[in-house]
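S.K.: Input file: run_8.pdb. Contents: PDB, C-alpha atoms, pLDDT in the B column.
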MODEL        1
ATOM      1  CA  MET A  89      -6.066 -12.291  -3.448  1.00 69.00           C
ATOM      2  CA  ASN A  90      -5.978 -15.630  -1.769  1.00 80.00           C
ATOM      3  CA  LEU A  91      -2.490 -15.186  -0.356  1.00 86.00           C
ATOM      4  CA  PRO A  92      -1.829 -15.528   3.368  1.00 91.00           C
ATOM      5  CA  ARG A  93      -2.204 -12.174   5.079  1.00 93.00           C
ATOM      6  CA  TYR A  94      -2.660 -10.751   8.535  1.00 94.00           C
ATOM      7  CA  GLU A  95      -5.977  -9.865  10.120  1.00 93.00           C
ATOM      8  CA  TYR A  96      -6.202  -6.110   9.952  1.00 94.00           C
ATOM      9  CA  TYR A  97      -8.040  -3.159  11.392  1.00 94.00           C
ATOM     10  CA  ALA A  98      -9.526  -0.161   9.601  1.00 94.00           C
ATOM     11  CA  SER A  99     -10.695   3.268  10.635  1.00 92.00           C
ATOM     12  CA  ASN A 100     -14.344   3.919   9.900  1.00 88.00           C
ATOM     13  CA  ASP A 101     -13.470   5.989   6.835  1.00 90.00           C
ATOM     14  CA  GLN A 102     -11.004   3.283   5.683  1.00 91.00           C
ATOM     15  CA  ARG A 103      -8.116   5.709   5.266  1.00 93.00           C
ATOM     16  CA  TYR A 104      -6.049   4.223   8.083  1.00 94.00           C
ATOM     17  CA  PHE A 105      -5.289   0.568   8.580  1.00 95.00           C
ATOM     18  CA  SER A 106      -3.184  -1.364  11.053  1.00 94.00           C
ATOM     19  CA  PHE A 107      -2.101  -4.931  11.640  1.00 95.00           C
ATOM     20  CA  TYR A 108       0.461  -6.881  13.611  1.00 94.00           C
ATOM     21  CA  SER A 109       3.427  -8.566  11.988  1.00 94.00           C
ATOM     22  CA  ASP A 110       4.228 -11.684  13.995  1.00 93.00           C
ATOM     23  CA  GLY A 111       7.627 -13.348  13.697  1.00 92.00           C
ATOM     24  CA  PRO A 112      11.003 -14.001  15.306  1.00 92.00           C
ATOM     25  CA  ASN A 113      11.262 -10.392  16.483  1.00 90.00           C
ATOM     26  CA  GLY A 114       7.860 -10.470  18.108  1.00 92.00           C
ATOM     27  CA  LYS A 115       4.656  -8.631  17.294  1.00 93.00           C
ATOM     28  CA  ILE A 116       5.270  -5.386  15.416  1.00 93.00           C
ATOM     29  CA  LYS A 117       2.411  -3.002  14.760  1.00 93.00           C
ATOM     30  CA  LYS A 118       2.232  -1.788  11.165  1.00 94.00           C
ATOM     31  CA  GLY A 119       0.264   1.126   9.814  1.00 94.00           C
ATOM     32  CA  VAL A 120      -1.028   1.994   6.347  1.00 95.00           C
ATOM     33  CA  VAL A 121      -2.126   5.582   5.734  1.00 96.00           C
ATOM     34  CA  TYR A 122      -3.878   7.053   2.703  1.00 97.00           C
ATOM     35  CA  SER A 123      -3.407  10.833   2.386  1.00 97.00           C
ATOM     36  CA  LYS A 124      -4.920  13.045  -0.288  1.00 97.00           C
ATOM     37  CA  MET A 125      -2.331  14.525  -2.629  1.00 96.00           C
ATOM     38  CA  SER A 126      -4.371  15.772  -5.573  1.00 94.00           C
ATOM     39  CA  ASN A 127      -7.944  16.876  -6.286  1.00 95.00           C
ATOM     40  CA  ASP A 128      -8.129  16.582 -10.067  1.00 92.00           C
ATOM     41  CA  PRO A 129      -7.817  13.686 -10.503  1.00 94.00           C
ATOM     42  CA  ILE A 130      -8.277  12.593  -6.904  1.00 97.00           C
ATOM     43  CA  VAL A 131      -5.097  10.818  -5.903  1.00 98.00           C
ATOM     44  CA  TYR A 132      -4.185   9.485  -2.475  1.00 98.00           C
ATOM     45  CA  ASN A 133      -0.682   8.615  -1.407  1.00 97.00           C
ATOM     46  CA  LEU A 134       0.001   5.349   0.394  1.00 96.00           C
ATOM     47  CA  ALA A 135       2.370   5.533   3.359  1.00 95.00           C
ATOM     48  CA  PHE A 136       3.341   2.364   5.148  1.00 94.00           C
ATOM     49  CA  GLY A 137       5.639   1.612   8.045  1.00 93.00           C
ATOM     50  CA  ASP A 138       6.084   0.398  11.595  1.00 93.00           C
ATOM     51  CA  GLU A 139       4.243   2.155  14.402  1.00 92.00           C
ATOM     52  CA  ASP A 140       6.830   3.296  16.919  1.00 90.00           C
ATOM     53  CA  PRO A 141       5.786   1.886  20.314  1.00 88.00           C
ATOM     54  CA  LEU A 142       6.835   5.047  22.163  1.00 90.00           C
ATOM     55  CA  SER A 143       5.742   7.892  19.898  1.00 91.00           C
ATOM     56  CA  GLN A 144       3.017   5.821  18.184  1.00 90.00           C
ATOM     57  CA  GLU A 145       4.085   7.486  14.950  1.00 93.00           C
ATOM     58  CA  ILE A 146       4.604   5.568  11.739  1.00 92.00           C
ATOM     59  CA  LYS A 147       8.204   5.292  10.629  1.00 87.00           C
ATOM     60  CA  ASP A 148       9.834   3.325   7.885  1.00 78.00           C
ATOM     61  CA  ASP A 149      13.483   3.661   8.830  1.00 71.00           C
ATOM     62  CA  VAL A 150      13.556   0.322  10.617  1.00 70.00           C
ATOM     63  CA  ARG A 151      13.916  -3.159   9.195  1.00 73.00           C
ATOM     64  CA  SER A 152      11.648  -5.504  11.074  1.00 76.00           C
ATOM     65  CA  ASN A 153      13.343  -8.702   9.855  1.00 83.00           C
ATOM     66  CA  ASN A 154      10.284 -10.614  10.961  1.00 89.00           C
ATOM     67  CA  HIS A 155      10.604 -13.079   8.056  1.00 90.00           C
ATOM     68  CA  ASP A 156       7.088 -12.344   6.843  1.00 92.00           C
ATOM     69  CA  ARG A 157       7.643  -9.978   3.919  1.00 91.00           C
ATOM     70  CA  ASP A 158       5.131 -11.667   1.609  1.00 91.00           C
ATOM     71  CA  ILE A 159       2.413 -11.808   4.270  1.00 93.00           C
ATOM     72  CA  VAL A 160       2.968  -8.121   5.055  1.00 93.00           C
ATOM     73  CA  LEU A 161       2.816  -7.128   1.371  1.00 92.00           C
ATOM     74  CA  ALA A 162      -0.363  -9.175   0.855  1.00 92.00           C
ATOM     75  CA  THR A 163      -1.928  -7.370   3.825  1.00 94.00           C
ATOM     76  CA  VAL A 164      -0.994  -3.953   2.443  1.00 93.00           C
ATOM     77  CA  ALA A 165      -2.500  -5.049  -0.894  1.00 92.00           C
ATOM     78  CA  ILE A 166      -5.787  -5.919   0.807  1.00 93.00           C
ATOM     79  CA  THR A 167      -5.950  -2.394   2.225  1.00 95.00           C
ATOM     80  CA  VAL A 168      -5.478  -1.047  -1.313  1.00 95.00           C
ATOM     81  CA  ARG A 169      -8.452  -3.109  -2.404  1.00 93.00           C
ATOM     82  CA  ASP A 170     -10.566  -1.946   0.515  1.00 94.00           C
ATOM     83  CA  PHE A 171      -9.681   1.696  -0.054  1.00 96.00           C
ATOM     84  CA  LEU A 172     -10.503   1.492  -3.764  1.00 96.00           C
ATOM     85  CA  THR A 173     -13.733  -0.345  -3.044  1.00 94.00           C
ATOM     86  CA  ARG A 174     -14.832   2.530  -0.827  1.00 95.00           C
ATOM     87  CA  TYR A 175     -13.403   5.225  -3.125  1.00 96.00           C
ATOM     88  CA  ASP A 176     -13.734   3.603  -6.497  1.00 93.00           C
ATOM     89  CA  SER A 177     -12.842   6.558  -8.724  1.00 94.00           C
ATOM     90  CA  TYR A 178      -9.681   7.519  -6.856  1.00 97.00           C
ATOM     91  CA  TYR A 179      -6.094   6.730  -7.728  1.00 97.00           C
ATOM     92  CA  ILE A 180      -3.598   5.477  -5.174  1.00 98.00           C
ATOM     93  CA  HIS A 181      -0.007   6.614  -5.626  1.00 98.00           C
ATOM     94  CA  ILE A 182       2.613   4.190  -4.325  1.00 97.00           C
ATOM     95  CA  VAL A 183       6.334   4.790  -4.050  1.00 94.00           C
ATOM     96  CA  GLY A 184       8.853   3.478  -1.568  1.00 90.00           C
ATOM     97  CA  SER A 185      10.891   5.849   0.553  1.00 85.00           C
ATOM     98  CA  THR A 186      14.000   4.274  -0.977  1.00 88.00           C
ATOM     99  CA  PRO A 187      14.585   2.504  -4.311  1.00 91.00           C
ATOM    100  CA  SER A 188      14.801  -0.840  -2.493  1.00 90.00           C
ATOM    101  CA  ARG A 189      11.419  -0.222  -0.832  1.00 89.00           C
ATOM    102  CA  THR A 190       9.954   0.669  -4.229  1.00 93.00           C
ATOM    103  CA  ARG A 191      11.298  -2.646  -5.551  1.00 93.00           C
ATOM    104  CA  LEU A 192       9.568  -4.347  -2.647  1.00 90.00           C
ATOM    105  CA  TYR A 193       6.239  -2.850  -3.698  1.00 92.00           C
ATOM    106  CA  GLN A 194       7.007  -3.924  -7.259  1.00 94.00           C
ATOM    107  CA  MET A 195       7.530  -7.507  -6.106  1.00 91.00           C
ATOM    108  CA  GLY A 196       4.240  -7.387  -4.237  1.00 89.00           C
ATOM    109  CA  ILE A 197       2.395  -6.100  -7.302  1.00 93.00           C
ATOM    110  CA  ALA A 198       4.066  -8.708  -9.519  1.00 93.00           C
ATOM    111  CA  ARG A 199       2.826 -11.505  -7.251  1.00 89.00           C
ATOM    112  CA  LEU A 200      -0.729 -10.207  -7.438  1.00 88.00           C
ATOM    113  CA  ILE A 201      -0.968  -8.902 -10.981  1.00 89.00           C
ATOM    114  CA  ASP A 202      -2.746 -11.973 -12.400  1.00 87.00           C
ATOM    115  CA  ASP A 203      -5.345 -11.855  -9.627  1.00 85.00           C
ATOM    116  CA  VAL A 204      -6.043  -8.157  -9.686  1.00 88.00           C
ATOM    117  CA  SER A 205      -5.578  -6.982 -13.273  1.00 87.00           C
ATOM    118  CA  GLN A 206      -9.222  -7.692 -14.171  1.00 87.00           C
ATOM    119  CA  ASP A 207     -10.469  -5.305 -11.524  1.00 90.00           C
ATOM    120  CA  PHE A 208      -7.636  -2.809 -11.162  1.00 93.00           C
ATOM    121  CA  GLU A 209      -5.676  -0.605 -13.503  1.00 95.00           C
ATOM    122  CA  ILE A 210      -2.037  -0.596 -12.390  1.00 96.00           C
ATOM    123  CA  LEU A 211       0.358   1.939 -13.883  1.00 97.00           C
ATOM    124  CA  GLY A 212       4.088   2.207 -13.457  1.00 97.00           C
ATOM    125  CA  TYR A 213       6.346   5.209 -13.998  1.00 97.00           C
ATOM    126  CA  VAL A 214       9.646   4.660 -15.785  1.00 97.00           C
ATOM    127  CA  ASN A 215      11.632   6.509 -18.460  1.00 94.00           C
ATOM    128  CA  ASN A 216       9.574   9.674 -18.021  1.00 94.00           C
ATOM    129  CA  ASN A 217       6.368   7.847 -18.785  1.00 95.00           C
ATOM    130  CA  TRP A 218       3.319   6.366 -17.035  1.00 97.00           C
ATOM    131  CA  SER A 219       2.241   3.107 -18.660  1.00 96.00           C
ATOM    132  CA  ASP A 220       0.472  -0.139 -17.812  1.00 95.00           C
ATOM    133  CA  PHE A 221       2.407  -2.252 -15.327  1.00 96.00           C
ATOM    134  CA  LYS A 222       4.500  -4.997 -16.895  1.00 95.00           C
ATOM    135  CA  LEU A 223       6.549  -7.676 -15.231  1.00 95.00           C
ATOM    136  CA  ASN A 224      10.344  -7.356 -15.153  1.00 93.00           C
ATOM    137  CA  VAL A 225      10.405  -3.588 -15.498  1.00 95.00           C
ATOM    138  CA  ASN A 226      11.903  -1.549 -12.656  1.00 95.00           C
ATOM    139  CA  TYR A 227       9.467   1.273 -12.006  1.00 97.00           C
ATOM    140  CA  GLU A 228       9.988   4.422  -9.952  1.00 96.00           C
ATOM    141  CA  ALA A 229       6.380   4.739  -8.785  1.00 97.00           C
ATOM    142  CA  PHE A 230       2.948   3.175  -9.207  1.00 97.00           C
ATOM    143  CA  LEU A 231      -0.670   4.256  -9.551  1.00 97.00           C
ATOM    144  CA  VAL A 232      -3.621   1.957  -8.893  1.00 97.00           C
ATOM    145  CA  ARG A 233      -7.277   2.528  -9.662  1.00 96.00           C
ATOM    146  CA  ARG A 234     -10.399   0.415  -9.964  1.00 94.00           C
ATOM    147  CA  LYS A 235     -11.394  -0.267 -13.568  1.00 91.00           C
TER
ATOM    148  CA  MET B 185       9.671 -31.486   5.191  1.00 44.00           C
ATOM    149  CA  ALA B 186       7.809 -29.853   8.032  1.00 47.00           C
ATOM    150  CA  SER B 187       5.841 -26.773   7.033  1.00 54.00           C
ATOM    151  CA  LYS B 188       6.597 -23.487   8.743  1.00 62.00           C
ATOM    152  CA  LYS B 189       3.978 -22.687  11.363  1.00 70.00           C
ATOM    153  CA  GLN B 190       2.168 -19.443  10.669  1.00 75.00           C
ATOM    154  CA  PRO B 191       1.095 -17.007  13.375  1.00 79.00           C
ATOM    155  CA  ALA B 192      -2.492 -17.235  14.597  1.00 77.00           C
ATOM    156  CA  ASN B 193      -3.420 -13.899  13.026  1.00 84.00           C
ATOM    157  CA  VAL B 194      -2.551 -15.054   9.505  1.00 88.00           C
ATOM    158  CA  VAL B 195      -5.594 -15.830   7.372  1.00 85.00           C
ATOM    159  CA  LYS B 196      -6.277 -16.656   3.722  1.00 83.00           C
ATOM    160  CA  GLY B 197      -9.029 -15.384   1.480  1.00 76.00           C
ATOM    161  CA  TYR B 198     -10.971 -12.197   1.850  1.00 75.00           C
ATOM    162  CA  SER B 199     -12.675 -11.143   5.005  1.00 78.00           C
ATOM    163  CA  PRO B 200     -13.430  -7.535   5.814  1.00 81.00           C
ATOM    164  CA  PRO B 201     -11.254  -5.474   8.125  1.00 85.00           C
ATOM    165  CA  ILE B 202     -12.149  -5.089  11.752  1.00 83.00           C
ATOM    166  CA  ASN B 203     -13.557  -1.584  11.830  1.00 76.00           C
ATOM    167  CA  GLY B 204     -13.166   0.782  14.679  1.00 64.00           C
ATOM    168  CA  GLU B 205     -12.136   4.159  15.904  1.00 57.00           C
ATOM    169  CA  SER B 206      -9.185   2.548  17.671  1.00 72.00           C
ATOM    170  CA  VAL B 207      -7.097   2.784  14.490  1.00 82.00           C
ATOM    171  CA  ARG B 208      -5.096   5.917  15.033  1.00 84.00           C
ATOM    172  CA  ASP B 209      -5.123   8.786  12.542  1.00 87.00           C
ATOM    173  CA  HIS B 210      -1.512   8.969  11.369  1.00 91.00           C
ATOM    174  CA  SER B 211      -2.059  11.650   8.753  1.00 90.00           C
ATOM    175  CA  ASN B 212       0.047  14.200  10.663  1.00 92.00           C
ATOM    176  CA  ASP B 213       2.964  11.905  11.455  1.00 94.00           C
ATOM    177  CA  PRO B 214       6.216  13.481  10.193  1.00 94.00           C
ATOM    178  CA  PHE B 215       7.050  10.460   8.021  1.00 93.00           C
ATOM    179  CA  VAL B 216       3.599  10.493   6.430  1.00 94.00           C
ATOM    180  CA  LEU B 217       3.708  14.250   5.781  1.00 96.00           C
ATOM    181  CA  ASP B 218       7.218  14.028   4.334  1.00 95.00           C
ATOM    182  CA  LYS B 219       6.193  11.195   2.021  1.00 94.00           C
ATOM    183  CA  LEU B 220       3.088  13.110   1.000  1.00 96.00           C
ATOM    184  CA  GLU B 221       5.063  16.225   0.051  1.00 96.00           C
ATOM    185  CA  LYS B 222       7.544  14.168  -1.986  1.00 95.00           C
ATOM    186  CA  ALA B 223       4.676  12.343  -3.698  1.00 96.00           C
ATOM    187  CA  LYS B 224       2.954  15.646  -4.552  1.00 96.00           C
ATOM    188  CA  GLU B 225       6.167  16.954  -6.045  1.00 96.00           C
ATOM    189  CA  PHE B 226       6.658  13.757  -8.026  1.00 95.00           C
ATOM    190  CA  LEU B 227       3.134  13.852  -9.455  1.00 96.00           C
ATOM    191  CA  ARG B 228       3.452  17.559 -10.212  1.00 96.00           C
ATOM    192  CA  LYS B 229       6.539  16.814 -12.286  1.00 96.00           C
ATOM    193  CA  HIS B 230       5.112  13.630 -13.776  1.00 96.00           C
ATOM    194  CA  PRO B 231       1.330  14.033 -14.109  1.00 96.00           C
ATOM    195  CA  ILE B 232      -0.945  11.238 -15.241  1.00 95.00           C
ATOM    196  CA  PRO B 233      -1.283  11.584 -19.033  1.00 94.00           C
ATOM    197  CA  GLU B 234      -4.652  12.671 -20.431  1.00 94.00           C
ATOM    198  CA  HIS B 235      -5.090   9.517 -22.505  1.00 93.00           C
ATOM    199  CA  ILE B 236      -4.873   7.416 -19.339  1.00 92.00           C
ATOM    200  CA  LEU B 237      -7.243   9.674 -17.438  1.00 91.00           C
ATOM    201  CA  LYS B 238      -9.754   9.566 -20.279  1.00 88.00           C
ATOM    202  CA  ARG B 239      -9.837   5.824 -20.765  1.00 82.00           C
ATOM    203  CA  ASN B 240     -11.622   5.329 -17.464  1.00 69.00           C
ATOM    204  CA  ASN B 241     -14.156   8.099 -17.867  1.00 65.00           C
TER
ENDMDL
END
Rewrite the structure of this file - the entire thing - as structure tokens.

M.R.:
Amino acid sequence: MNLPRYEYYASNDQRYFSFYSDGPNGKIKKGVVYSKMSNDPIVYNLAFGDEDPLSQEIKDDVRSNNHDRDIVLATVAITVRDFLTRYDSYYIHIVGSTPSRTRLYQMGIARLIDDVSQDFEILGYVNNNWSDFKLNVNYEAFLVRRK
Amino acid sequence: MASKKQPANVVKGYSPPINGESVRDHSNDPFVLDKLEKAKEFLRKHPIPEHILKRNN
């Protein structure tokens, strides 16, 4: 994971992360949240979006257009690695809030797959089936776990 | 061709996160809760198959 990424901040339990996107539209605070969704197996859901400056809540209904998509995705990926380093038997469930956002995650995974496939098991869901992630397949959701 | 200047907070390679209590707990944000409920429903309908669960144990 030697791609350019933003410096980022983590809560002490490494379930919440934040960083600042910096581009033509200024500095935009981003948040990554891992929330438990299943106990057996233990699965956490990844939620990612912009932190609203007024409510301070995370939302993903805005398009930042800060021309830094790849840097943002690489930063989210680093938080996945950190979370799974701390919680190495857990799965992370990843799905976008829209099909286009899911495709964005897919692009991010595709860029990193060569780097991370030795250490991480990445599954994709398509055609009513979970299977190992492959390039050029449009998945509906993803699961990641340390090998 | 001139290279695009990157912001000062862009780094390469791994370095640990800056830890601190200042990172807000967003677990009760409406967007996060909504996504969590949809994810639970999705995984309930499409559970991880046993053969995948077993290969890591």

S.K.: Could you make a table, as JSON lines, of the residues of chain A that have an atom within 6 Å of an atom of chain B, each with its nearest atom pair and distance in Å to one decimal, counting only C-alpha atoms, in chain and number order?

M.R.:
{"residue": "A:Asn90", "atom": "CA", "partner": "B:Gly197", "partner_atom": "CA", "distance": 4.5}
{"residue": "A:Leu91", "atom": "CA", "partner": "B:Lys196", "partner_atom": "CA", "distance": 5.8}
{"residue": "A:Pro92", "atom": "CA", "partner": "B:Lys196", "partner_atom": "CA", "distance": 4.6}
{"residue": "A:Arg93", "atom": "CA", "partner": "B:Val194", "partner_atom": "CA", "distance": 5.3}
{"residue": "A:Tyr94", "atom": "CA", "partner": "B:Val194", "partner_atom": "CA", "distance": 4.4}
{"residue": "A:Glu95", "atom": "CA", "partner": "B:Asn193", "partner_atom": "CA", "distance": 5.6}
{"residue": "A:Tyr96", "atom": "CA", "partner": "B:Pro201", "partner_atom": "CA", "distance": 5.4}
{"residue": "A:Tyr97", "atom": "CA", "partner": "B:Ile202", "partner_atom": "CA", "distance": 4.6}
{"residue": "A:Ala98", "atom": "CA", "partner": "B:Asn203", "partner_atom": "CA", "distance": 4.8}
{"residue": "A:Ser99", "atom": "CA", "partner": "B:Val207", "partner_atom": "CA", "distance": 5.3}
{"residue": "A:Asn100", "atom": "CA", "partner": "B:Gly204", "partner_atom": "CA", "distance": 5.8}
{"residue": "A:Met125", "atom": "CA", "partner": "B:Lys224", "partner_atom": "CA", "distance": 5.7}
{"residue": "A:Ala135", "atom": "CA", "partner": "B:Val216", "partner_atom": "CA", "distance": 6.0}
{"residue": "A:Glu145", "atom": "CA", "partner": "B:Asp213", "partner_atom": "CA", "distance": 5.7}
{"residue": "A:Lys147", "atom": "CA", "partner": "B:Phe215", "partner_atom": "CA", "distance": 5.9}

S.K.: What is the CA of Glu228 in chain A-CA of Val131 in chain A distance in Å, reported with one decimal?

M.R.: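 Taking CA of Glu228 in chain A and CA of Val131 in chain A, their separation equals 16.9 Å.
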
S.K.: For CA of Phe230 in chain A and CA of Phe208 in chain A, determine how far apart the two atoms are, in Å to one decimal place.

M.R.: 12.3 Å

S.K.: As a list in words, please: the residues near His181 in chain A (cut-off 7 Å, all atoms listed in the file, same-chain neighbours under 3 positions excluded).

M.R.: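 Near His181 in chain A, the qualifying residues are Val131, Tyr132, Asn133, Leu134, Phe230, Leu231 and Val232 of chain A.
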
S.K.: How many Å separate CA of Ser188 in chain A from CA of Lys235 in chain A?

M.R.: 28.4 Å

S.K.: I'd like the neighbourhood of His155 in chain A as a list of chain:residue names, where a residue qualifies if any of its atoms comes within 10 Å (using only C-alpha atoms), though same-chain residues fewer than 5 positions away should be ignored.

M.R.: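 Counting only the stated atoms, we get A:Ser109, A:Asp110, A:Gly111, A:Pro112, A:Asn113, A:Val160.
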